[in-house]
>>> print(open('protein.csv').read())   # CSV, C-alpha atoms
chain,number,residue,atom,x,y,z
A,1,MET,CA,-24.1,-13.5,-91.8
A,2,GLU,CA,-22.1,-16.7,-91.0
A,3,LEU,CA,-21.3,-17.7,-87.4
A,4,THR,CA,-17.6,-17.7,-86.6
A,5,LEU,CA,-16.7,-21.0,-84.9
A,6,LYS,CA,-13.3,-22.0,-83.6
A,7,ARG,CA,-14.6,-25.2,-82.1
A,8,PRO,CA,-17.9,-27.1,-82.2
A,9,LEU,CA,-21.1,-25.6,-80.9
A,10,VAL,CA,-23.6,-28.1,-79.4
A,11,PHE,CA,-27.3,-27.2,-79.5
A,12,PHE,CA,-29.4,-29.3,-77.2
A,13,ASP,CA,-32.9,-29.7,-75.8
A,14,LEU,CA,-34.3,-31.7,-72.9
A,15,GLU,CA,-37.7,-33.1,-72.1
A,16,THR,CA,-38.1,-33.9,-68.3
A,17,THR,CA,-40.4,-35.2,-65.6
A,18,GLY,CA,-41.0,-31.6,-64.4
A,19,MET,CA,-39.5,-28.2,-63.8
A,20,ASP,CA,-37.8,-28.7,-60.5
A,21,VAL,CA,-34.1,-28.5,-61.3
A,22,ALA,CA,-32.9,-30.4,-58.2
A,23,LYS,CA,-35.5,-33.1,-58.2
A,24,ASP,CA,-36.8,-33.8,-61.7
A,25,ARG,CA,-35.1,-36.0,-64.3
A,26,ILE,CA,-34.5,-36.1,-68.1
A,27,VAL,CA,-36.7,-38.4,-70.2
A,28,GLN,CA,-35.4,-37.3,-73.6
A,29,ILE,CA,-32.4,-35.5,-74.9
A,30,SER,CA,-31.4,-34.3,-78.4
A,31,VAL,CA,-28.0,-32.9,-79.1
A,32,LEU,CA,-27.0,-31.3,-82.4
A,33,LYS,CA,-23.3,-30.5,-82.9
A,34,VAL,CA,-22.3,-27.9,-85.5
A,35,HIS,CA,-18.6,-28.2,-86.4
A,36,PRO,CA,-16.4,-25.3,-87.6
A,37,ASP,CA,-16.5,-26.7,-91.1
A,38,GLY,CA,-20.3,-26.6,-91.1
A,39,ARG,CA,-20.8,-30.3,-90.7
A,40,GLU,CA,-23.7,-31.3,-88.3
A,41,GLU,CA,-24.3,-34.4,-86.3
A,42,VAL,CA,-27.4,-35.1,-84.2
A,43,LYS,CA,-28.2,-37.7,-81.5
A,44,THR,CA,-31.6,-38.1,-79.9
A,45,ARG,CA,-32.8,-40.7,-77.4
A,46,LEU,CA,-35.2,-41.5,-74.7
A,47,ILE,CA,-33.9,-41.9,-71.1
A,48,ASN,CA,-35.4,-43.8,-68.2
A,49,PRO,CA,-35.7,-41.2,-65.4
A,50,GLY,CA,-35.9,-43.8,-62.7
A,51,MET,CA,-39.1,-42.2,-61.4
A,52,PRO,CA,-42.7,-42.1,-62.7
A,53,ILE,CA,-43.4,-39.4,-65.3
A,54,PRO,CA,-46.2,-37.2,-63.9
A,55,LEU,CA,-49.3,-36.9,-66.1
A,56,PRO,CA,-48.9,-33.1,-66.6
A,57,ALA,CA,-45.4,-33.7,-68.0
A,58,THR,CA,-46.6,-36.4,-70.3
A,59,ALA,CA,-49.4,-34.0,-71.5
A,60,VAL,CA,-46.7,-31.6,-72.6
A,61,HIS,CA,-44.1,-33.9,-74.3
A,62,HIS,CA,-46.2,-37.0,-74.8
A,63,ILE,CA,-43.6,-39.4,-73.4
A,64,THR,CA,-45.0,-42.1,-71.1
A,65,ASP,CA,-43.6,-44.4,-68.5
A,66,ALA,CA,-44.1,-47.3,-70.9
A,67,GLN,CA,-42.0,-45.6,-73.6
A,68,VAL,CA,-39.0,-45.2,-71.3
A,69,ALA,CA,-39.3,-48.4,-69.3
A,70,ASN,CA,-36.6,-50.3,-71.3
A,71,GLU,CA,-34.4,-47.3,-72.0
A,72,PRO,CA,-31.1,-46.7,-70.2
A,73,LYS,CA,-30.9,-44.4,-67.2
A,74,PHE,CA,-28.8,-41.2,-67.5
A,75,GLY,CA,-25.9,-42.8,-65.6
A,76,ALA,CA,-25.4,-45.4,-68.4
A,77,LEU,CA,-25.1,-42.6,-71.0
A,78,ALA,CA,-23.3,-40.0,-69.0
A,79,ARG,CA,-19.7,-40.7,-70.1
A,80,ALA,CA,-20.6,-40.8,-73.8
A,81,LEU,CA,-22.7,-37.7,-73.5
A,82,ALA,CA,-19.9,-35.8,-71.7
A,83,GLU,CA,-17.6,-36.8,-74.5
A,84,PHE,CA,-20.0,-35.4,-77.1
A,85,PHE,CA,-20.0,-32.0,-75.2
A,86,HIS,CA,-16.2,-32.2,-74.6
A,87,ASP,CA,-14.2,-29.2,-76.0
A,88,ALA,CA,-17.4,-27.6,-77.4
A,89,ASP,CA,-19.5,-24.6,-76.6
A,90,ILE,CA,-23.2,-25.0,-75.8
A,91,ALA,CA,-26.4,-23.4,-77.1
A,92,GLY,CA,-30.1,-23.9,-76.5
A,93,PHE,CA,-33.4,-22.1,-75.9
A,94,ASN,CA,-33.9,-21.1,-72.3
A,95,SER,CA,-30.9,-23.4,-71.7
A,96,ASN,CA,-29.1,-21.2,-69.2
A,97,ARG,CA,-32.1,-21.1,-66.8
A,98,PHE,CA,-33.4,-24.7,-67.2
A,99,ASP,CA,-31.7,-27.2,-69.5
A,100,ILE,CA,-28.1,-26.6,-68.4
A,101,PRO,CA,-29.0,-26.6,-64.6
A,102,ILE,CA,-30.8,-29.9,-65.1
A,103,LEU,CA,-27.7,-31.4,-66.9
A,104,VAL,CA,-25.5,-30.1,-64.1
A,105,GLU,CA,-27.6,-32.1,-61.6
A,106,GLU,CA,-27.7,-35.2,-63.8
A,107,PHE,CA,-23.9,-35.2,-64.5
A,108,GLY,CA,-23.2,-34.3,-60.8
A,109,ARG,CA,-25.0,-37.5,-59.7
A,110,CYS,CA,-22.5,-39.4,-61.9
A,111,GLY,CA,-19.5,-37.6,-60.5
A,112,ILE,CA,-19.0,-35.6,-63.7
A,113,ALA,CA,-18.3,-31.8,-63.6
A,114,PHE,CA,-20.4,-30.0,-66.2
A,115,PRO,CA,-20.0,-27.8,-68.1
A,116,GLU,CA,-16.2,-27.7,-68.7
A,117,PRO,CA,-14.6,-24.5,-67.3
A,118,GLU,CA,-13.9,-22.8,-70.6
A,119,THR,CA,-17.3,-23.5,-72.1
A,120,LYS,CA,-19.2,-20.6,-73.6
A,121,LEU,CA,-23.0,-20.6,-73.3
A,122,ILE,CA,-25.4,-19.2,-75.9
A,123,ASP,CA,-29.0,-18.9,-74.9
A,124,VAL,CA,-31.1,-18.2,-78.0
A,125,GLN,CA,-34.1,-17.3,-75.9
A,126,VAL,CA,-32.1,-14.5,-74.2
A,127,ILE,CA,-31.3,-13.0,-77.6
A,128,TYR,CA,-34.9,-13.4,-78.7
A,129,HIS,CA,-36.4,-12.0,-75.5
A,130,ARG,CA,-34.1,-9.0,-75.5
A,131,LYS,CA,-35.2,-8.3,-79.1
A,132,GLU,CA,-38.8,-9.6,-79.4
A,133,GLU,CA,-40.2,-11.2,-76.1
A,134,ARG,CA,-41.8,-14.4,-77.2
A,135,THR,CA,-41.7,-18.3,-76.9
A,136,LEU,CA,-39.8,-20.8,-79.1
A,137,ALA,CA,-42.9,-21.5,-81.3
A,138,ALA,CA,-43.5,-17.7,-81.7
A,139,ALA,CA,-39.8,-17.2,-82.4
A,140,TYR,CA,-39.8,-19.9,-85.0
A,141,LYS,CA,-42.9,-18.2,-86.6
A,142,PHE,CA,-41.3,-14.7,-86.3
A,143,TYR,CA,-37.9,-15.5,-87.6
A,144,CYS,CA,-38.4,-18.5,-90.0
A,145,SER,CA,-42.1,-17.8,-91.1
A,146,LYS,CA,-42.9,-21.5,-90.2
A,147,THR,CA,-45.2,-23.2,-87.8
A,148,LEU,CA,-43.3,-25.4,-85.3
A,149,GLU,CA,-44.6,-28.9,-85.8
A,150,GLY,CA,-44.0,-31.4,-83.0
A,151,ALA,CA,-43.3,-28.8,-80.3
A,152,HIS,CA,-42.0,-30.4,-77.0
A,153,ASP,CA,-40.3,-33.2,-79.0
A,154,ALA,CA,-36.6,-32.6,-78.1
A,155,GLU,CA,-35.3,-33.0,-81.7
A,156,ALA,CA,-38.0,-30.8,-83.2
A,157,ASP,CA,-37.3,-28.1,-80.6
A,158,VAL,CA,-33.5,-28.3,-81.0
A,159,ARG,CA,-33.7,-28.1,-84.8
A,160,ALA,CA,-36.0,-25.1,-84.5
A,161,THR,CA,-33.6,-23.5,-82.1
A,162,LEU,CA,-30.8,-23.8,-84.6
A,163,GLU,CA,-32.9,-22.3,-87.4
A,164,VAL,CA,-34.0,-19.4,-85.2
A,165,PHE,CA,-30.3,-18.8,-84.1
A,166,ARG,CA,-29.2,-18.6,-87.7
A,167,GLU,CA,-32.0,-16.1,-88.5
A,168,GLN,CA,-30.9,-14.0,-85.5
A,169,LEU,CA,-27.4,-13.9,-86.9
A,170,GLU,CA,-28.8,-12.6,-90.2
A,171,ARG,CA,-31.1,-10.0,-88.6
A,172,TYR,CA,-29.0,-8.5,-85.8
A,173,ASP,CA,-25.6,-6.9,-86.3
A,174,ASP,CA,-25.1,-6.0,-82.7
A,175,ILE,CA,-25.2,-9.4,-81.0
A,176,GLY,CA,-21.8,-10.5,-82.2
A,177,ARG,CA,-20.6,-13.3,-84.5
A,178,THR,CA,-18.0,-15.0,-82.4
A,179,ILE,CA,-18.8,-17.4,-79.6
A,180,ASP,CA,-17.2,-15.0,-77.0
A,181,GLU,CA,-19.4,-12.2,-78.2
A,182,LEU,CA,-22.6,-14.3,-78.2
A,183,HIS,CA,-21.7,-15.7,-74.8
A,184,ARG,CA,-21.4,-12.1,-73.4
A,185,TYR,CA,-24.7,-11.2,-75.0
A,186,SER,CA,-26.5,-14.2,-73.6
A,187,ASN,CA,-25.2,-14.0,-70.0
A,188,SER,CA,-25.4,-11.4,-67.3
A,189,ASP,CA,-22.2,-10.6,-65.3
A,190,THR,CA,-24.2,-10.8,-62.1
A,191,ILE,CA,-25.1,-14.5,-62.5
A,192,VAL,CA,-22.9,-16.8,-60.5
A,193,ASP,CA,-24.7,-20.2,-60.5
A,194,PHE,CA,-27.2,-21.6,-63.0
A,195,ALA,CA,-30.0,-21.9,-60.3
A,196,ARG,CA,-29.5,-18.2,-59.4
A,197,LYS,CA,-29.3,-18.8,-55.7
A,198,LEU,CA,-26.2,-16.6,-55.7
A,199,MET,CA,-25.3,-13.4,-57.5
A,200,ARG,CA,-22.6,-10.7,-57.8
A,201,ASN,CA,-23.2,-7.3,-56.2
A,202,ASP,CA,-22.2,-3.9,-57.6
A,203,ARG,CA,-18.6,-4.5,-56.3
A,204,GLY,CA,-18.4,-7.9,-58.0
A,205,GLU,CA,-18.6,-9.8,-54.7
A,206,ILE,CA,-20.6,-13.1,-54.5
A,207,VAL,CA,-23.7,-12.7,-52.3
A,208,TYR,CA,-26.7,-14.7,-51.4
A,209,ALA,CA,-29.7,-14.1,-53.7
A,210,ILE,CA,-32.3,-15.8,-51.5
A,211,GLY,CA,-33.5,-16.1,-48.0
A,212,LYS,CA,-32.8,-14.1,-44.9
A,213,ASN,CA,-29.2,-13.4,-46.1
A,214,LYS,CA,-30.2,-12.0,-49.5
A,215,GLY,CA,-27.6,-9.4,-50.5
A,216,LYS,CA,-25.1,-10.5,-47.8
A,217,ARG,CA,-21.6,-11.7,-48.9
A,218,VAL,CA,-21.2,-15.5,-48.7
A,219,LEU,CA,-17.9,-15.0,-46.8
A,220,ASP,CA,-19.7,-12.9,-44.2
A,221,ASP,CA,-21.9,-15.9,-43.2
A,222,PRO,CA,-20.2,-19.1,-44.2
A,223,GLY,CA,-22.5,-21.0,-41.8
A,224,TYR,CA,-25.4,-20.3,-44.2
A,225,ALA,CA,-23.3,-21.7,-47.0
A,226,GLU,CA,-22.7,-24.8,-45.0
A,227,TRP,CA,-26.4,-25.1,-44.4
A,228,MET,CA,-27.1,-24.8,-48.1
A,229,LEU,CA,-24.6,-27.5,-48.8
A,230,THR,CA,-26.5,-30.0,-46.7
A,231,GLY,CA,-29.9,-28.9,-47.9
A,232,ASP,CA,-32.0,-29.6,-51.0
A,233,PHE,CA,-30.3,-27.1,-53.3
A,234,PRO,CA,-29.1,-27.6,-56.9
A,235,GLU,CA,-25.6,-29.0,-57.5
A,236,SER,CA,-24.6,-25.9,-59.6
A,237,THR,CA,-25.1,-23.7,-56.5
A,238,LYS,CA,-23.2,-26.2,-54.2
A,239,GLN,CA,-20.3,-26.3,-56.6
A,240,VAL,CA,-19.8,-22.5,-56.3
A,241,LEU,CA,-20.2,-22.5,-52.5
A,242,ARG,CA,-17.6,-25.3,-52.2
A,243,GLN,CA,-15.2,-23.2,-54.3
A,244,ILE,CA,-15.7,-20.1,-52.2
A,245,LEU,CA,-15.3,-21.9,-48.9
A,246,ALA,CA,-12.2,-23.8,-50.1
A,247,LYS,CA,-10.5,-20.5,-51.1
A,248,SER,CA,-11.4,-18.9,-47.8
A,249,GLN,CA,-9.8,-21.7,-45.9
A,250,GLY,CA,-6.5,-21.4,-47.7
>>> encode(input="protein.csv", output="structure tokens")
Amino acid sequence: MELTLKRPLVFFDLETTGMDVAKDRIVQISVLKVHPDGREEVKTRLINPGMPIPLPATAVHHITDAQVANEPKFGALARALAEFFHDADIAGFNSNRFDIPILVEEFGRCGIAFPEPETKLIDVQVIYHRKEERTLAAAYKFYCSKTLEGAHDAEADVRATLEVFREQLERYDDIGRTIDELHRYSNSDTIVDFARKLMRNDRGEIVYAIGKNKGKRVLDDPGYAEWMLTGDFPESTKQVLRQILAKSQG
């Protein structure tokens, strides 16, 4: 079954220096934009993270310090990349938990709010895990009957993600066909920030999801929110806290 698109849908994948959303940096990005008319455009490039790439990370994606030494830093690409994502919805594999939070941090350092407020987010891994419980390579094998060559190369992964997504649309009638339906299927109503430091309780109120105040409403302890704003927490969490505090102050 065909996907219903009213505006472009950007599939993307990142390779990074590590798994810490707040501290690690992007070393490769691939973006594949699917337009409503079916046209596709893909851009892939290496990025200088401005820090050494740890050997364990290189062992996964095979990108070395030497390979990125003469590449631009994220800040030099941020405006063009934001324009590529502009007025489009976003999809990826495990993107809601990792890739999007990393991008939020990288764009935040450049003074760019990401994603745009009306952006719908499709996480192909969420669909897969709710149906089959596997990894991208296993998903590719399961849905496409192919072996994923070049896993942990951003472009190979993003192309595989698009193929898996198309097969999911063919296989499952209950996940939806519009971006709004797929967004609802991919995202929990309890999630507030990408880093999952906050959440909604049964009454829809935003509460802390970590620490001594876990389960307590943010507005019941704004001092804890202020402490988090000065601490080493992800930008996606801080954005939400700023919004809550600003509304409470009038």
>>> residues_around(input="protein.csv", residues="segment 105-118 of chain A", least_positions_apart="4", cutoff="12 Å", atoms="only C-alpha atoms", output="CSV table (one decimal) with C-alpha atoms, in the frame of the given file")
chain,number,residue,atom,x,y,z
A,7,ARG,CA,-14.6,-25.2,-82.1
A,10,VAL,CA,-23.6,-28.1,-79.4
A,14,LEU,CA,-34.3,-31.7,-72.9
A,16,THR,CA,-38.1,-33.9,-68.3
A,20,ASP,CA,-37.8,-28.7,-60.5
A,21,VAL,CA,-34.1,-28.5,-61.3
A,22,ALA,CA,-32.9,-30.4,-58.2
A,23,LYS,CA,-35.5,-33.1,-58.2
A,24,ASP,CA,-36.8,-33.8,-61.7
A,25,ARG,CA,-35.1,-36.0,-64.3
A,26,ILE,CA,-34.5,-36.1,-68.1
A,27,VAL,CA,-36.7,-38.4,-70.2
A,47,ILE,CA,-33.9,-41.9,-71.1
A,49,PRO,CA,-35.7,-41.2,-65.4
A,50,GLY,CA,-35.9,-43.8,-62.7
A,73,LYS,CA,-30.9,-44.4,-67.2
A,74,PHE,CA,-28.8,-41.2,-67.5
A,75,GLY,CA,-25.9,-42.8,-65.6
A,76,ALA,CA,-25.4,-45.4,-68.4
A,77,LEU,CA,-25.1,-42.6,-71.0
A,78,ALA,CA,-23.3,-40.0,-69.0
A,79,ARG,CA,-19.7,-40.7,-70.1
A,80,ALA,CA,-20.6,-40.8,-73.8
A,81,LEU,CA,-22.7,-37.7,-73.5
A,82,ALA,CA,-19.9,-35.8,-71.7
A,83,GLU,CA,-17.6,-36.8,-74.5
A,84,PHE,CA,-20.0,-35.4,-77.1
A,85,PHE,CA,-20.0,-32.0,-75.2
A,86,HIS,CA,-16.2,-32.2,-74.6
A,87,ASP,CA,-14.2,-29.2,-76.0
A,88,ALA,CA,-17.4,-27.6,-77.4
A,89,ASP,CA,-19.5,-24.6,-76.6
A,90,ILE,CA,-23.2,-25.0,-75.8
A,91,ALA,CA,-26.4,-23.4,-77.1
A,96,ASN,CA,-29.1,-21.2,-69.2
A,98,PHE,CA,-33.4,-24.7,-67.2
A,99,ASP,CA,-31.7,-27.2,-69.5
A,100,ILE,CA,-28.1,-26.6,-68.4
A,101,PRO,CA,-29.0,-26.6,-64.6
A,179,ILE,CA,-18.8,-17.4,-79.6
A,180,ASP,CA,-17.2,-15.0,-77.0
A,183,HIS,CA,-21.7,-15.7,-74.8
A,193,ASP,CA,-24.7,-20.2,-60.5
A,194,PHE,CA,-27.2,-21.6,-63.0
A,195,ALA,CA,-30.0,-21.9,-60.3
A,232,ASP,CA,-32.0,-29.6,-51.0
A,233,PHE,CA,-30.3,-27.1,-53.3
A,234,PRO,CA,-29.1,-27.6,-56.9
A,235,GLU,CA,-25.6,-29.0,-57.5
A,236,SER,CA,-24.6,-25.9,-59.6
A,237,THR,CA,-25.1,-23.7,-56.5
A,238,LYS,CA,-23.2,-26.2,-54.2
A,239,GLN,CA,-20.3,-26.3,-56.6
A,240,VAL,CA,-19.8,-22.5,-56.3
>>> residues_around(input="protein.csv", residues="His152 of chain A", least_positions_apart="3", cutoff="7 Å", atoms="only C-alpha atoms", output="number ranges by chain")
A: 60-61, 157
>>> atom_distance(input="protein.csv", atom1="atom CA of Val31 of chain A", atom2="atom CA of Arg159 of chain A")
9.4 Å
>>> closest_residue(input="protein.csv", among="A:Tyr128, A:Phe93, A:Tyr172, A:Tyr143", to="Glu2 of chain A", atoms="only C-alpha atoms")
A:Tyr172
>>> atom_distance(input="protein.csv", atom1="atom CA of Trp227 of chain A", atom2="atom CA of Ile102 of chain A")
21.7 Å
>>> closest_residue(input="protein.csv", among="A:Ile29, A:Leu121, A:Leu3, A:Val34", to="Ser186 of chain A", atoms="only C-alpha atoms")
A:Leu121
>>> residues_near_point(input="protein.csv", point="(-38.1, -12.1, -75.5)", cutoff="12 Å", atoms="only C-alpha atoms", output="PyMOL selection string")
chain A and resi 93-94+123-136+138-139+142+186
>>> write_last_selection(input="protein.csv", atoms="C-alpha atoms", output="compact mmCIF listing (two decimals), in the coordinates of the input")
# COMPACT_ATOMS: atom_id res chain seq x y z
CA PHE A 93 -33.40 -22.10 -75.90
CA ASN A 94 -33.90 -21.10 -72.30
CA ASP A 123 -29.00 -18.90 -74.90
CA VAL A 124 -31.10 -18.20 -78.00
CA GLN A 125 -34.10 -17.30 -75.90
CA VAL A 126 -32.10 -14.50 -74.20
CA ILE A 127 -31.30 -13.00 -77.60
CA TYR A 128 -34.90 -13.40 -78.70
CA HIS A 129 -36.40 -12.00 -75.50
CA ARG A 130 -34.10 -9.00 -75.50
CA LYS A 131 -35.20 -8.30 -79.10
CA GLU A 132 -38.80 -9.60 -79.40
CA GLU A 133 -40.20 -11.20 -76.10
CA ARG A 134 -41.80 -14.40 -77.20
CA THR A 135 -41.70 -18.30 -76.90
CA LEU A 136 -39.80 -20.80 -79.10
CA ALA A 138 -43.50 -17.70 -81.70
CA ALA A 139 -39.80 -17.20 -82.40
CA PHE A 142 -41.30 -14.70 -86.30
CA SER A 186 -26.50 -14.20 -73.60
>>> atom_distance(input="protein.csv", atom1="atom CA of Glu71 of chain A", atom2="atom CA of Leu46 of chain A")
6.4 Å
>>> residues_around(input="protein.csv", residues="Arg196 of chain A", least_positions_apart="4", cutoff="9 Å", atoms="only C-alpha atoms", output="list in words")
Arg97, Ile191, Val192, Ala209, Ile210 and Thr237 of chain A
>>> residues_around(input="protein.csv", residues="segment 35-43 of chain A", least_positions_apart="2", cutoff="6 Å", atoms="all atoms listed in the file", output="list in words")
Leu5, Arg7, Pro8, Ser30, Val31, Leu32 and Lys33 of chain A
>>> residues_near_point(input="protein.csv", point="(-28.1, -19.7, -43.4)", cutoff="10 Å", atoms="only C-alpha atoms", output="number ranges by chain")
A: 208, 210-213, 218, 221-228
>>> residues_around(input="protein.csv", residues="Thr190 of chain A", least_positions_apart="3", cutoff="12 Å", atoms="only C-alpha atoms", output="JSON, numbers by chain")
{"A": [184, 187, 193, 194, 196, 197, 198, 199, 200, 201, 202, 203, 204, 205, 206, 207, 208, 209]}
>>> decode(input="protein.csv", residues="segment 136-186 of chain A", atoms="C-alpha atoms", output="PDB file, in the first residue's frame")
ATOM      1  CA  LEU A 136      17.652  -2.981  11.804  1.00  0.00           C
ATOM      2  CA  ALA A 137      19.714  -5.760  10.214  1.00  0.00           C
ATOM      3  CA  ALA A 138      17.174  -8.344  11.362  1.00  0.00           C
ATOM      4  CA  ALA A 139      14.310  -6.101  10.240  1.00  0.00           C
ATOM      5  CA  TYR A 140      15.902  -5.791   6.802  1.00  0.00           C
ATOM      6  CA  LYS A 141      16.252  -9.564   6.614  1.00  0.00           C
ATOM      7  CA  PHE A 142      12.721 -10.141   7.936  1.00  0.00           C
ATOM      8  CA  TYR A 143      10.879  -7.642   5.754  1.00  0.00           C
ATOM      9  CA  CYS A 144      13.053  -7.424   2.641  1.00  0.00           C
ATOM     10  CA  SER A 145      14.663 -10.908   2.608  1.00  0.00           C
ATOM     11  CA  LYS A 146      18.056  -9.260   2.143  1.00  0.00           C
ATOM     12  CA  THR A 147      21.303  -9.090   4.103  1.00  0.00           C
ATOM     13  CA  LEU A 148      22.212  -5.556   5.154  1.00  0.00           C
ATOM     14  CA  GLU A 149      25.623  -4.865   3.634  1.00  0.00           C
ATOM     15  CA  GLY A 150      27.592  -1.971   5.112  1.00  0.00           C
ATOM     16  CA  ALA A 151      25.660  -1.760   8.371  1.00  0.00           C
ATOM     17  CA  HIS A 152      26.614   1.326  10.422  1.00  0.00           C
ATOM     18  CA  ASP A 153      27.340   3.306   7.293  1.00  0.00           C
ATOM     19  CA  ALA A 154      24.778   6.095   7.516  1.00  0.00           C
ATOM     20  CA  GLU A 155      23.599   5.926   3.905  1.00  0.00           C
ATOM     21  CA  ALA A 156      23.354   2.124   3.897  1.00  0.00           C
ATOM     22  CA  ASP A 157      21.315   2.265   7.105  1.00  0.00           C
ATOM     23  CA  VAL A 158      19.008   5.035   5.936  1.00  0.00           C
ATOM     24  CA  ARG A 159      18.271   3.295   2.645  1.00  0.00           C
ATOM     25  CA  ALA A 160      17.564   0.045   4.497  1.00  0.00           C
ATOM     26  CA  THR A 161      15.243   1.938   6.852  1.00  0.00           C
ATOM     27  CA  LEU A 162      13.238   3.302   3.907  1.00  0.00           C
ATOM     28  CA  GLU A 163      12.940  -0.198   2.397  1.00  0.00           C
ATOM     29  CA  VAL A 164      11.812  -1.675   5.722  1.00  0.00           C
ATOM     30  CA  PHE A 165       9.258   1.120   6.152  1.00  0.00           C
ATOM     31  CA  ARG A 166       7.774   0.456   2.732  1.00  0.00           C
ATOM     32  CA  GLU A 167       7.461  -3.242   3.523  1.00  0.00           C
ATOM     33  CA  GLN A 168       5.781  -2.404   6.850  1.00  0.00           C
ATOM     34  CA  LEU A 169       3.189  -0.354   4.968  1.00  0.00           C
ATOM     35  CA  GLU A 170       2.518  -3.359   2.767  1.00  0.00           C
ATOM     36  CA  ARG A 171       2.322  -5.813   5.657  1.00  0.00           C
ATOM     37  CA  TYR A 172       0.358  -3.998   8.367  1.00  0.00           C
ATOM     38  CA  ASP A 173      -3.096  -2.530   7.794  1.00  0.00           C
ATOM     39  CA  ASP A 174      -3.463  -1.152  11.327  1.00  0.00           C
ATOM     40  CA  ILE A 175      -0.484   1.215  11.578  1.00  0.00           C
ATOM     41  CA  GLY A 176      -2.002   3.883   9.315  1.00  0.00           C
ATOM     42  CA  ARG A 177      -1.091   5.393   5.968  1.00  0.00           C
ATOM     43  CA  THR A 178      -1.042   9.100   6.680  1.00  0.00           C
ATOM     44  CA  ILE A 179       1.807  10.828   8.486  1.00  0.00           C
ATOM     45  CA  ASP A 180      -0.520  11.773  11.364  1.00  0.00           C
ATOM     46  CA  GLU A 181      -1.534   8.128  11.864  1.00  0.00           C
ATOM     47  CA  LEU A 182       2.052   6.871  11.666  1.00  0.00           C
ATOM     48  CA  HIS A 183       3.197   9.599  14.047  1.00  0.00           C
ATOM     49  CA  ARG A 184       0.601   8.498  16.615  1.00  0.00           C
ATOM     50  CA  TYR A 185       1.630   4.870  16.189  1.00  0.00           C
ATOM     51  CA  SER A 186       5.332   5.707  16.648  1.00  0.00           C
TER      52      SER A 186
END
